[in-house]
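Asker: Handing you this structure, nothing more for now.
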Amino acid sequence: MAARVAADINEGAVVNLGIGLPTLVANHLPAGAEIILHSENGVIGMGPAPAPGEEDYDLINAGKQPVTLLAGGSYFHHADSFAMMRGGHLDICVLGAFQVSATGDLANWHTGGADAIPAVGGAMDLAIGAKKTWVMMELLTKTGESKLVQACTYPLTGIACVSRIYSDLAVIDLGPNGAKVVELVEGMSLEQLQALTPVPLADGRASATK
């Protein structure tokens with residue numbers, strides 16, 4: 001999934017990679033490509049994960065993972081970082097999710113459970129502030145329920161903000177007209193995918209472009 005997301009990030013983009021699976025995207029960016037990675041705790045110009053033994057825990061991303069800093073990179077106050085996010089200066093953010101609706105609503109900070117720990121972080125600011133919001137997630141929960149839903153039942157992070165889902169089974173575009181499959185993993189048919197989610201899936205593979 002990380003490699004597939006990385007393949008769609010254009011040269012020169014300023015990108016925020018959310019906590020969890022999205023952080024893996026940094027390790028799959030094309031060598032030599034000028035893609036600027038931002039983290040809401042106040043870092044811009046991050047590189048791939050450090051080699052074992054070379055970690056610097058004074059240089060971490062929002063998920064408290066050690067990162068590297070490329071030439072020209074810098075770190076700064078988190079208030080300035082949030083100003084970048086809220087000011088529309090990020091081209092793309094890649095977030096994880098508990099649920100995403102067919103029209104692009106995002107729920108990724110709280111399941112609403114009595115014993116669940118809410119963790120909104122900067123997700124609301126990223127989801128609305130970035131020019132494009134992509135979600136990277138497994139399509140099904142551990143109990144086999146679809147995370148792609150007709151309408152989110154968990155507390156919302158943002159409304160109509162997600163334009164594309166990169167999952168372990170398919171790449172799916174979202175919008176006012178619902179969900180459209182633009183790519184399937186090898187061995188998966190549209191009919192098999194449809195059986196896994198209650199959301200009607202249009203076939204957009206013939207017209208899909210990166």
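Here's how to read the names in the structure tokens: chain A, B, ... by the order shown, residue numbers from 1 in each chain, ligand numbers from 1 in the order shown.
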Per residue of stretch 109-201 of chain A within 9 Å of stretch 80-90 of chain A, record the nearest atom pair and its distance in Å to one decimal, counting only C-alpha atoms, with rows in chain order and ascending residue number, as CSV.

Answerer:
```
residue,atom,partner,partner_atom,distance
A:Gly122,CA,A:Phe82,CA,7.8
A:Asp125,CA,A:Arg86,CA,5.8
A:Leu126,CA,A:Met85,CA,5.8
A:Ile128,CA,A:Arg86,CA,7.7
A:Gly129,CA,A:Arg86,CA,4.8
A:Ala130,CA,A:Leu90,CA,4.9
A:Lys131,CA,A:Leu90,CA,6.4
A:Lys132,CA,A:Leu90,CA,8.3
```

Asker: Write out as a list of chain:residue names the residues lying within 12 Å of A:Met1, counting only C-alpha atoms and excluding same-chain residues fewer than 6 positions away.

Answerer: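 Counting only the stated atoms, we get A:Ala7, A:Asp8, A:Leu21, A:Pro22, A:Thr23, A:Leu24, A:Val25, A:Ala26, A:Asn27, A:His28, A:Val94, A:Gly96, A:Val135, A:Met136, A:Met137, A:Glu138, A:Leu139, A:Ile165, A:Tyr166, A:Ser167, A:Asp168, A:Leu169, A:Ala170, A:Val171, A:Leu184, A:Val185.
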
Asker: Enumerate as JSON, numbers by chain all residues of stretch 3-156 of chain A assigned to helix (DSSP H, G or I) by DSSP on the backbone, naming them with the chain letters and numbers the document uses.

Answerer: {"A": [3, 4, 5, 6, 7, 21, 22, 23, 24, 25, 26, 27, 28, 78, 79, 80, 81, 82, 83, 84, 85, 86, 123, 124, 125, 126, 127, 128, 129]}

Asker: Could you name the residues that touch A:Leu70 at 8 Å or less, counting only C-alpha atoms, but leaving out those on the same chain fewer than 5 positions away, as a PyMOL selection string?

Answerer: chain A and resi 45-47

Asker: Would you write out those residues with N, CA and C atoms, as a PDB file, in the first residue's frame?

Answerer:
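Here's the written file out-v6.pdb:
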```
ATOM      1  N   GLY A  45      10.850  18.554   5.537  1.00  0.00           N
ATOM      2  CA  GLY A  45      12.051  18.090   4.852  1.00  0.00           C
ATOM      3  C   GLY A  45      12.575  16.780   5.408  1.00  0.00           C
ATOM      4  N   MET A  46      11.673  15.915   5.862  1.00  0.00           N
ATOM      5  CA  MET A  46      12.080  14.614   6.402  1.00  0.00           C
ATOM      6  C   MET A  46      12.484  13.662   5.284  1.00  0.00           C
ATOM      7  N   GLY A  47      13.388  12.750   5.648  1.00  0.00           N
ATOM      8  CA  GLY A  47      13.793  11.693   4.741  1.00  0.00           C
ATOM      9  C   GLY A  47      13.239  10.357   5.213  1.00  0.00           C
TER      10      GLY A  47
END
```

Asker: For A:Tyr154, please output as a PyMOL selection string all residues within 9 Å (counting only C-alpha atoms; exclusion window: fewer than 5 positions along the same chain).

Answerer: chain A and resi 98-99+107-112

Asker: Deliver the residues from the most recent selection as a file, using N, CA and C atoms, as a PDB file, in the first residue's frame.

Answerer:
```pdb
ATOM      1  N   PHE A  98     -10.666   4.932  10.703  1.00  0.00           N
ATOM      2  CA  PHE A  98     -11.560   3.899  11.235  1.00  0.00           C
ATOM      3  C   PHE A  98     -12.706   3.654  10.263  1.00  0.00           C
ATOM      4  N   GLN A  99     -13.210   4.742   9.676  1.00  0.00           N
ATOM      5  CA  GLN A  99     -14.282   4.667   8.680  1.00  0.00           C
ATOM      6  C   GLN A  99     -14.116   5.802   7.677  1.00  0.00           C
ATOM      7  N   ALA A 107     -13.686   9.475   9.501  1.00  0.00           N
ATOM      8  CA  ALA A 107     -13.716   9.253  10.951  1.00  0.00           C
ATOM      9  C   ALA A 107     -12.434   8.515  11.319  1.00  0.00           C
ATOM     10  N   ASN A 108     -11.523   9.209  12.003  1.00  0.00           N
ATOM     11  CA  ASN A 108     -10.255   8.548  12.316  1.00  0.00           C
ATOM     12  C   ASN A 108      -9.673   8.912  13.674  1.00  0.00           C
ATOM     13  N   TRP A 109     -10.466   9.569  14.530  1.00  0.00           N
ATOM     14  CA  TRP A 109      -9.894   9.968  15.813  1.00  0.00           C
ATOM     15  C   TRP A 109     -10.513   9.269  17.007  1.00  0.00           C
ATOM     16  N   HIS A 110     -11.675   8.650  16.837  1.00  0.00           N
ATOM     17  CA  HIS A 110     -12.365   8.055  17.984  1.00  0.00           C
ATOM     18  C   HIS A 110     -13.423   7.082  17.468  1.00  0.00           C
ATOM     19  N   THR A 111     -13.510   5.915  18.103  1.00  0.00           N
ATOM     20  CA  THR A 111     -14.541   4.955  17.710  1.00  0.00           C
ATOM     21  C   THR A 111     -15.845   5.177  18.463  1.00  0.00           C
ATOM     22  N   GLY A 112     -15.823   6.075  19.439  1.00  0.00           N
ATOM     23  CA  GLY A 112     -17.023   6.324  20.216  1.00  0.00           C
ATOM     24  C   GLY A 112     -17.233   5.347  21.348  1.00  0.00           C
TER      25      GLY A 112
END
```

Asker: Taking 6 positions as the minimum chain separation for residues in the same chain, which residues sit within 7 Å of stretch 143-149 of chain A when counting only C-alpha atoms? Answer as a ChimeraX atom specification.

Answerer: /A:98-102,196-199

Asker: Please dump the current selection as a JSON list (two decimals), in the first residue's frame; keep C-alpha atoms.

Answerer:
```json
[["chain", "number", "residue", "atom", "x", "y", "z"],
["A", 98, "PHE", "CA", -11.56, 3.90, 11.23],
["A", 99, "GLN", "CA", -14.28, 4.67, 8.68],
["A", 100, "VAL", "CA", -14.62, 6.55, 5.41],
["A", 101, "SER", "CA", -17.99, 7.23, 3.76],
["A", 102, "ALA", "CA", -18.76, 6.89, 0.07],
["A", 196, "LEU", "CA", -17.13, -7.05, 1.17],
["A", 197, "THR", "CA", -18.72, -3.61, 1.47],
["A", 198, "PRO", "CA", -22.29, -2.27, 1.60],
["A", 199, "VAL", "CA", -21.26, 0.76, -0.48]]
```

Asker: So that I can check the surroundings of A:Glu183, please list as a VMD selection string every protein, DNA and RNA residue that reaches within 12 Å of it, counting only C-alpha atoms and ignoring chain neighbours fewer than 2 positions away.

Answerer: chain A and resid 4 164 to 173 180 to 181 185 to 190 193 201 to 210

Asker: Export C-alpha atoms of the chosen residues as a compact mmCIF listing (two decimals), in the first residue's frame?

Answerer:
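Dumped to again.txt:
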```
# COMPACT_ATOMS: atom_id res chain seq x y z
CA ARG A 4 1.23 2.43 -4.29
CA ARG A 164 -9.09 8.61 -2.57
CA ILE A 165 -8.65 5.42 -0.51
CA TYR A 166 -5.57 3.22 -0.91
CA SER A 167 -6.45 -0.13 0.63
CA ASP A 168 -4.98 -3.61 0.65
CA LEU A 169 -7.61 -4.71 -1.90
CA ALA A 170 -8.28 -1.71 -4.16
CA VAL A 171 -7.75 1.96 -4.90
CA ILE A 172 -11.08 3.75 -4.68
CA ASP A 173 -11.99 7.33 -5.59
CA LYS A 180 -15.51 4.42 -7.88
CA VAL A 181 -12.92 1.63 -8.11
CA VAL A 185 -5.14 -5.92 -6.50
CA GLU A 186 -4.18 -8.93 -8.58
CA GLY A 187 -6.66 -11.76 -8.18
CA MET A 188 -9.48 -9.55 -6.87
CA SER A 189 -12.59 -9.01 -8.99
CA LEU A 190 -15.01 -6.12 -8.69
CA LEU A 193 -14.81 -6.52 -3.64
CA LEU A 201 -18.99 0.49 -6.23
CA ALA A 202 -18.80 1.94 -9.74
CA ASP A 203 -16.14 0.60 -12.08
CA GLY A 204 -13.78 3.40 -13.04
CA ARG A 205 -10.84 1.28 -14.13
CA ALA A 206 -11.13 1.92 -17.85
CA SER A 207 -10.97 5.69 -17.41
CA ALA A 208 -8.66 5.78 -14.38
CA THR A 209 -5.46 7.76 -14.63
CA LYS A 210 -2.80 8.48 -12.08
```

Asker: Between A:Asn41, A:Asn177, A:Asn16, A:Asn10, which has the minimum distance to A:Ala79 (counting only C-alpha atoms)?

Answerer: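 That would be A:Asn41, the residue with the smallest distance to A:Ala79.
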
Asker: Would you compute the distance between atom CA of A:Ala6 and atom CA of A:Leu174? Give it in Å to one decimal.

Answerer: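 Atom-to-atom, atom CA of A:Ala6 to atom CA of A:Leu174, that is 19.0 Å.
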